[in-house]
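**Q** Pasting a structure below so you can have a look.
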Amino acid sequence: MGSPFKDHPPSNPSLAKKLIPWTFYAMFPLVLFRVYFYPYPLHQTTTTILISSSVSPPPTLSEDETSCDYTDGKWVPDRRGPLYNGSTCGTIKEGQNCIAHGRPDMGYLYWRWKPKQCKLPRFEPSTFLQLLRNKHLAFVGDSMARNQLESLLCMLSSVSAPNLVYRDGEENKFRRWYFESHNFSISVYWSPFLVRGVEKSNTGPNHNELYLDHVDERWAADMNGIDMVVLSIGHWFLHPAVYHEGDRVLGCHYCPDLNHTEVGFYDILRKAIKTTLKALIDRKGHDDNGVDALVTTFSPAHFEGDWDKLGACSKTKPYEEGEKTLEGMDSEMRQVEVEEVEAAKMNSVQLVKFRLEALDVTKLSLMRPDGHPGPYMHPFPFANGVAERVQNDCVHWCLPGPVDTWNEILLEVMKKWDYESRREG
């Protein structure tokens with residue numbers, strides 16, 4: 001049946017012509033409010049809310065999607081915006097909640113990564129939860145691991161609320177959440193070197209101590225209860241440190257007051273990843289349950305000046321293709337990580353219960369100088385004018401922001417693994 005108003009025009013056409021423009025102007029502010037503060041649909045359907053209580057059909061993939069190169073692509077405008085915002089997600093770290101801290105521009109929210117040779121689908125929270133039903137996912141590493149974890153929690157919370165069930169350590173560096181709907185747990189373990197380390201402190205030495213032939217047991221001790229692990233390190237290897245291997249000191253990085261040989265940190269990063277992946281293979285590769293592991297590659301910083309001055313990372317849109325090249329330290333750090341992942345895959349090719357991939361996000365992250373908190377790591381930094389010193393964060397990512405794309409790719413890797421398991425089974 002059509003609309004009851006279809007064949008019955010208004011009895012006063014001139015009055016209607018006057019009212020229509022005023023109606024539009026009255027609705028326009030409401031539309032703006034809706035777009036800015038509720039980037040995903042306000043009304044969830046009953047199916048969306050209840051989907052987690054039943055087992056959905058496994059995700060399907062085409063042959064092209066199982067071999068997609070997500071590193072080769074560009075950022076393109078996306079009017080849909082993110083799945084969540086600072087009002088709808090309660091697990092955003094204070095320093096990454098850019099909109100709530102007064103960042104005035106919102107254009108950085110409306111971009112998506114488009115691979116050249118395939119599609120990167122929008123994140124599907126229900127599919128992610130389905131694939132990890134009855135499992136334990138751990139993010140292990142430095143603050144970039146935590147940044148990725150908190151992004152994922154926000155994306156999943158759009159369909160299922162996580163419950164914080166464990167916290168420990170300074171600044172809650174060890175935490176665990178539980179999704180009752182899927183009997184699924186997510187943990188974060190602070191381990192900025194992955195191997196055993198003693199961090200510099202105000203009361204001790206002003207450098208880190210790394211023991212490169214021993215994995216960090218703060219997370220490795222729980223390895224038997226972990227089904228999937230996402231490893232993320234890099235930035236802490238730039239800090240002053242002394243390196244130990246066996247009973248000897250290999251050398252150090254930036255330790256002019258110590259009588260040690262200066263050693264480049266690229267080789268140290270390589271040794272740390274090698275030790276970590278070997279520990280995973282030795283402890284979990286032969287286990288009946290096995291483990292799925294990913295190494296998130298180095299995420300470049302975007303400081304364009306002094307870190308404590310206005311404009312340290314003030315860009316408001318992505319670099320265009322060809323405007324920025326992956327080179328120098330960013331390229332070297334990524335190369336070490338990718339090479340060690342490939343070497344570990346070759347060494348474990350006979351292990352059917354061990355799967356490993358590099359989550360290669362370096363280039364796509366390099367192209368997003370607009371995605372960092374900058375001065376908005378603190379609430380309303382310019383409320384009293386521009387101070388002489390303005391602290392900036394041009395390393396971590398706003399939430400929501402480009403880091404959400406890392407988890408879109410993570411889900412595609414999981415879907416590929418699931419597809420291969422069902423095909424082989």
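How things are named: the first chain in the structure tokens is A, the next is B, and so on; residues count from 1 in each chain; ligands count from 1 in the order shown.
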DSSP says helix (DSSP H, G or I) for which residues of region 214-251 of chain A? Put them as JSON, numbers by chain?
**A** {"A": [217, 218, 219, 220, 223, 224, 225, 235, 236, 237, 238]}
**Q** Could you give me, as a PyMOL selection string, the residues within 7 Å of Gly285 (chain A), counting only C-alpha atoms and dropping anything in the same chain fewer than 3 positions from it?
**A** chain A and resi 280-282+290-291+351+353-354
**Q** Counting only C-alpha atoms, figure out which residue out of A:Glu171, A:Glu408, A:Glu262, A:Glu340 gets nearest to Leu83 (chain A).
**A** A:Glu408
**Q** Would you please work out which residue, of A:Asn384, A:Thr276, A:Ser299, A:Ser314, is nearest to Ala344 (chain A) when using only C-alpha atoms?
**A** A:Thr276
**Q** Report as JSON lines: every residue of region 325-394 of chain A with an atom at most 12 Å from region 68-74 of chain A, its closest pair of atoms, and their distance in Å to one decimal, counting only C-alpha atoms, with rows sorted by chain and ascending residue number.
**A**
{"residue": "A:Leu326", "atom": "CA", "partner": "A:Thr71", "partner_atom": "CA", "distance": 11.5}
{"residue": "A:Arg334", "atom": "CA", "partner": "A:Thr71", "partner_atom": "CA", "distance": 11.8}
{"residue": "A:Ala358", "atom": "CA", "partner": "A:Thr71", "partner_atom": "CA", "distance": 10.8}
{"residue": "A:Leu359", "atom": "CA", "partner": "A:Tyr70", "partner_atom": "CA", "distance": 9.2}
{"residue": "A:Asp360", "atom": "CA", "partner": "A:Thr71", "partner_atom": "CA", "distance": 6.4}
{"residue": "A:Val361", "atom": "CA", "partner": "A:Thr71", "partner_atom": "CA", "distance": 6.8}
{"residue": "A:Thr362", "atom": "CA", "partner": "A:Thr71", "partner_atom": "CA", "distance": 8.0}
{"residue": "A:Lys363", "atom": "CA", "partner": "A:Thr71", "partner_atom": "CA", "distance": 6.5}
{"residue": "A:Leu364", "atom": "CA", "partner": "A:Thr71", "partner_atom": "CA", "distance": 6.8}
{"residue": "A:Ser365", "atom": "CA", "partner": "A:Thr71", "partner_atom": "CA", "distance": 10.0}
{"residue": "A:Leu366", "atom": "CA", "partner": "A:Lys74", "partner_atom": "CA", "distance": 11.0}
{"residue": "A:Met367", "atom": "CA", "partner": "A:Lys74", "partner_atom": "CA", "distance": 8.2}
{"residue": "A:Arg368", "atom": "CA", "partner": "A:Lys74", "partner_atom": "CA", "distance": 10.3}
**Q** Could the residues in this selection be saved with C-alpha atoms as a CSV table (one decimal), in the first residue's frame?
**A**
chain,number,residue,atom,x,y,z
A,326,LEU,CA,59.2,4.7,3.5
A,334,ARG,CA,60.0,-2.9,9.5
A,358,ALA,CA,53.6,-10.1,9.9
A,359,LEU,CA,50.8,-7.6,10.4
A,360,ASP,CA,52.6,-5.1,8.1
A,361,VAL,CA,51.2,-1.7,8.9
A,362,THR,CA,54.3,0.5,8.6
A,363,LYS,CA,53.5,2.1,5.2
A,364,LEU,CA,49.8,2.7,5.7
A,365,SER,CA,50.7,4.3,9.1
A,366,LEU,CA,53.5,6.4,7.6
A,367,MET,CA,50.9,8.0,5.4
A,368,ARG,CA,48.8,9.3,8.3
**Q** Would you kindly return, as a ChimeraX atom specification, each protein, DNA or RNA residue with an atom no farther than 10 Å from any atom of Gly90 (chain A), considering only C-alpha atoms and excluding same-chain residues fewer than 3 positions away?
**A** /A:85-87,93,150,153-154,157,161-162
**Q** With only C-alpha atoms as the atoms that count, which of A:His214, A:Lys315, A:His372, A:Lys200 lies nearest to His239 (chain A)?
**A** A:Lys200
**Q** For a quick check of understanding, using only C-alpha atoms, which of A:Lys119, A:Lys309, A:Lys345, A:Lys324 has the smallest distance to Leu277 (chain A)?
**A**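 Closest to Leu277 (chain A) of all the choices is A:Lys345.
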**Q** Fewer than 2 positions away in the same chain doesn't count, so skip those; otherwise give me all residues within 7 Å of Cys118 (chain A), counting only C-alpha atoms, as a VMD selection string.
**A** chain A and resid 65 68 115 to 116 120
**Q** Residues within 6 Å of Ala138 (chain A), please, as an MDAnalysis selection string. Count only C-alpha atoms; anything in the same chain fewer than 5 positions from it doesn't count.
**A** chainID A and resid 186:188 229
**Q** Put those residues in a file: N, CA, C and O atoms, as an mmCIF file, in the first residue's frame.
**A**
data_model
loop_
_atom_site.group_PDB
_atom_site.id
_atom_site.type_symbol
_atom_site.label_atom_id
_atom_site.label_comp_id
_atom_site.auth_asym_id
_atom_site.auth_seq_id
_atom_site.Cartn_x
_atom_site.Cartn_y
_atom_site.Cartn_z
ATOM 1 N N ILE A 186 40.431 -11.076 26.161
ATOM 2 C CA ILE A 186 41.505 -10.292 25.559
ATOM 3 C C ILE A 186 42.370 -9.757 26.694
ATOM 4 O O ILE A 186 41.864 -9.165 27.644
ATOM 5 N N SER A 187 43.674 -9.947 26.569
ATOM 6 C CA SER A 187 44.608 -9.447 27.575
ATOM 7 C C SER A 187 45.638 -8.534 26.936
ATOM 8 O O SER A 187 45.911 -8.612 25.736
ATOM 9 N N VAL A 188 46.216 -7.671 27.769
ATOM 10 C CA VAL A 188 47.365 -6.884 27.349
ATOM 11 C C VAL A 188 48.470 -7.102 28.371
ATOM 12 O O VAL A 188 48.237 -7.085 29.579
ATOM 13 N N VAL A 229 48.334 -14.513 19.776
ATOM 14 C CA VAL A 229 49.119 -13.439 20.366
ATOM 15 C C VAL A 229 49.525 -12.447 19.287
ATOM 16 O O VAL A 229 49.911 -12.837 18.180
#
